[in-house]
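Accompanying notes for the structure given below.
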Amino acid sequence: MTQFSDLLDIVSSFANEHHERADRVSIAPRLTGARLRERFAGPAPTTGSPPDDVLRDLIKDADEGMLASTSSRFFGWVMGGNLPVALAADWLVSVWDQNAAIVATSPASAAIEKTVGEWLKEMLRLDPEMSFALTTGCQMAHATCLAAARNSVLARHGWDVEAEGMIGAPSIRIFTGSNVHASTGRAIRLLGFGTSSVTTIAEGEDGTLHPDALREAMEGVSGPSIVVLQAGDLNIGAFDNYAELIPVAKKHGAWVHVDGAFGLWLRLSRSRSALTDGLELADSIATDAHKWLNVPYDSGIAFVRDSDAHRRSMEVSASYIEKNSVIREPMDWTPEWSRRARAIPLYAVIRHLGSEGLADIVDRTCEITSALAASFSAIPGVRVLNEPRINQMLVRFLDDDPSAGEADHDRRTQEVVKFINADGGAFFTTTEYRKQLVMRVSACGWSLTEEDVATVADCVRRAVETARSDAIFGPDVVEPVLVADQTFDGEEDGTQPDHSIR
Ligand SMILES: *Cc1c(COP(=O)(O)O)cnc(C)c1O
């Protein structure tokens with residue numbers, strides 16, 4: 001029989017190895033597609049296997065197909081790394097294996113969660129009376145906040161949505177910018193609003209909603225309404241002008257929700273927190289801890305000003321639940337029932353770094369993004385599209401043919417990004433921005449340092465100098481074959497996922 005401790009030792013020694021080589025191996029998965037899937041294919045086992053074999057095989061078979069998103073030189077999508085103290089505390093979550101639903105199922109987890117909520121409101125300078133919920137991610141934080149919004153705006157029009165549902169309810173108009181993250185749209189669908197209840201408003205050149213545009217869109221609105229604003233858009237990290245927009249929305253009785261998935265953390269910054277001024281006036285705010293706070297997945301947070309509406313929209317009762325009326329019951333605020341004690345890694349990170357250490361991560365990653373912009377701009381054929389104000393930047397690679405058009409620059413950008421990722425030293429994703437294909441840079445990892453700037457710029461320079469579609473891509477091959485002196489084991493089969501999704 002394998003000892004309990006032997007199994008944990010297998011994982012612990014792998015964790016050390018994984019951590020030590022994090023910055024030395026290819027950041028992109030070394031193996032993708034059919035060859036990877038084959039390793040896990042086959043009929044469901046009828047007989048079992050020893051647990052140590054299962055773990056060793058899992059590590060051996062899966063590791064090459066993992067994206068090294070905890071590397072300091074990972075800039076894809078908007079994703080954070082994993083602070084060591086958070087990872088270790090996350091292991092404790094599974095060791096204790098608490099059901100964090102109610103106080104009775106985990107008194108300590110409920111107590112920690114309450115403290116974490118209070119600390120976050122204090123550090124982020126939010127109203128201490130706001131209620132909060134720890135969810136799987138920002139997606140479910142949106143669903144939580146917008147469920148509270150739905151309850152509140154309909155109650156004000158004499159409709160109890162929890163009892164009567166949405167059919168026959170006064171119709172709700174939702175106003176959003178056209179660049180909002182698709183997760184808000186899905187929360188809107190889940191809650192039964194329907195996408196046709198959404199009025200989208202074009203942002204200005206600076207990526208923010210103009211107060212006059214909102215004023216115009218809301219003219220004559222007197223029924224239930226919700227306005228969704230952004231704190232940090234994915235592309236250029238734009239922040240709406242809350243101090244001007246929120247009063248416009250309020251004049252029409254609207255509920256104001258803010259998507260602050262990563263941008264809310266700017267409130268910790270020493271030099272950039274003014275970008276979020278007025279955000280504290282919002283009715284609800286959704287954010288992520290698994291991005292800039294660098295805790296493991298999954299960790300989102302919802303904050304709601306009208307705590308009664310929040311509670312009414314989520315509260316549950318069942319005969320077997322023994323509830324404690326004095327202490328906060330976590331389950332009354334979340335859309336989930338059983339859930340892991342995700343407050344524990346959050347608690348560990350906040351205790352370890354304090355608001356000063358967290359501000360250091362936010363400010364350092366923003367400053368490094370500016371340094372990357374300067375280094376990239378010095379490379380011929382590279383155009384940085386925005387002067388980064390925070391940790392988000394867009395880059396375009398130009399085809400050097402004098403007759404090249406936008407489509408050629410799109411292709412060139414795709415080609416260079418694929419080369420960088422295949423080369424392995426850094427990792428970026430592409431997106432479409434104003435009808436152009438661009439490389440997006442998102443710097444959220446706690447381990448990113450000044451020393452990475454030169455290394456990353458070298459990766460980009462090498463790609464610009466070497467990447468040539470005819471040299472790298474065969475006619476039917478989507479991904480480049482392996483390049484440079486990397487020790488890739490797996491050959492591409494052309495089925496690597498499309499990195500261009502938002
Ligand atoms: C990541 C992100 C989301 C979605 O958050 P999840 O935690 O993945 O559910 C929403 N909005 C913005 C701006 C994001 O960056």
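Chain lettering (A, B, ...) mirrors the order of the structure tokens, residue numbering begins at 1 for each chain separately, and ligand numbering begins at 1 in order of display.
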Can I get the residues of chain A within 10 Å of ligand 1, each with the closest pair of atoms and their distance in Å to one decimal, using only C-alpha atoms and all ligand atoms, sorted chain first then ascending number, as a tab-separated table?
```
residue	atom	partner	partner_atom_place_in_ligand_line	distance
A:Trp77	CA	ligand 1	15 (O)	7.9
A:Val78	CA	ligand 1	15 (O)	5.6
A:Met79	CA	ligand 1	1 (C)	7.2
A:Gly80	CA	ligand 1	1 (C)	9.9
A:Thr135	CA	ligand 1	7 (O)	9.0
A:Thr136	CA	ligand 1	7 (O)	7.0
A:Gly137	CA	ligand 1	7 (O)	3.5
A:Cys138	CA	ligand 1	9 (O)	3.8
A:Gln139	CA	ligand 1	9 (O)	3.5
A:Met140	CA	ligand 1	9 (O)	6.4
A:Ala141	CA	ligand 1	9 (O)	7.6
A:His142	CA	ligand 1	10 (C)	8.2
A:Ala143	CA	ligand 1	9 (O)	10.0
A:Asn179	CA	ligand 1	13 (C)	9.5
A:Val180	CA	ligand 1	13 (C)	7.2
A:His181	CA	ligand 1	11 (N)	4.9
A:Ala182	CA	ligand 1	10 (C)	7.2
A:Ser183	CA	ligand 1	10 (C)	5.4
A:Thr184	CA	ligand 1	10 (C)	7.0
A:Gln230	CA	ligand 1	13 (C)	7.3
A:Ala231	CA	ligand 1	13 (C)	7.5
A:Gly232	CA	ligand 1	13 (C)	6.5
A:Asp233	CA	ligand 1	13 (C)	5.5
A:Leu234	CA	ligand 1	13 (C)	5.6
A:Asn235	CA	ligand 1	13 (C)	9.3
A:Gly237	CA	ligand 1	13 (C)	8.9
A:Val258	CA	ligand 1	11 (N)	9.6
A:Asp259	CA	ligand 1	11 (N)	5.8
A:Gly260	CA	ligand 1	13 (C)	6.2
A:Ala261	CA	ligand 1	12 (C)	4.6
A:Phe262	CA	ligand 1	15 (O)	5.9
A:Gly263	CA	ligand 1	13 (C)	7.6
A:Leu264	CA	ligand 1	13 (C)	9.9
A:Ala286	CA	ligand 1	10 (C)	8.2
A:Thr287	CA	ligand 1	5 (O)	7.5
A:Asp288	CA	ligand 1	7 (O)	5.4
A:Ala289	CA	ligand 1	7 (O)	8.1
A:His290	CA	ligand 1	7 (O)	7.1
A:Lys291	CA	ligand 1	1 (C)	7.5
A:Tyr297	CA	ligand 1	7 (O)	8.4
A:Asp298	CA	ligand 1	7 (O)	7.3
A:Ser299	CA	ligand 1	7 (O)	7.0
A:Gly300	CA	ligand 1	7 (O)	5.8
A:Ile301	CA	ligand 1	7 (O)	9.0
A:Ser442	CA	ligand 1	15 (O)	9.7
A:Arg502	CA	ligand 1	15 (O)	9.1
```
Calculated over only C-alpha atoms, which of the candidates A:Ser49, A:Ser307, A:Ser109, A:Asn421 has the smallest distance to Ala68 (chain A)?
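Ranking A:Ser49, A:Ser307, A:Ser109, A:Asn421 by distance to Ala68 (chain A), first place goes to A:Asn421.
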For the structure I just gave you, how does DSSP split region 249-435 of chain A - specifically, which residues are alpha helix (DSSP H)? Reply as a PyMOL selection string.
chain A and resi 249-251+307-314+343-377+406-423
Compile the contact shell of region 13-22 of chain A as JSON, numbers by chain: residues with an atom at most 10 Å away, counting only C-alpha atoms, same-chain residues fewer than 2 positions apart removed.
{"A": [8, 9, 10, 11, 24, 25, 26, 27, 56, 59, 63, 68, 69, 70, 71, 72, 73, 84, 87]}
So which residues touch region 151-164 of chain A within 9 Å, counting only C-alpha atoms, skipping near sequence neighbours fewer than 4 positions away, as number ranges by chain?
A: 146-147, 168-172, 223-226, 253-255, 306, 308-310, 312-313
Secondary structure check, strand (DSSP E) residues of region 40-159 of chain A, as a count of residues only:
5
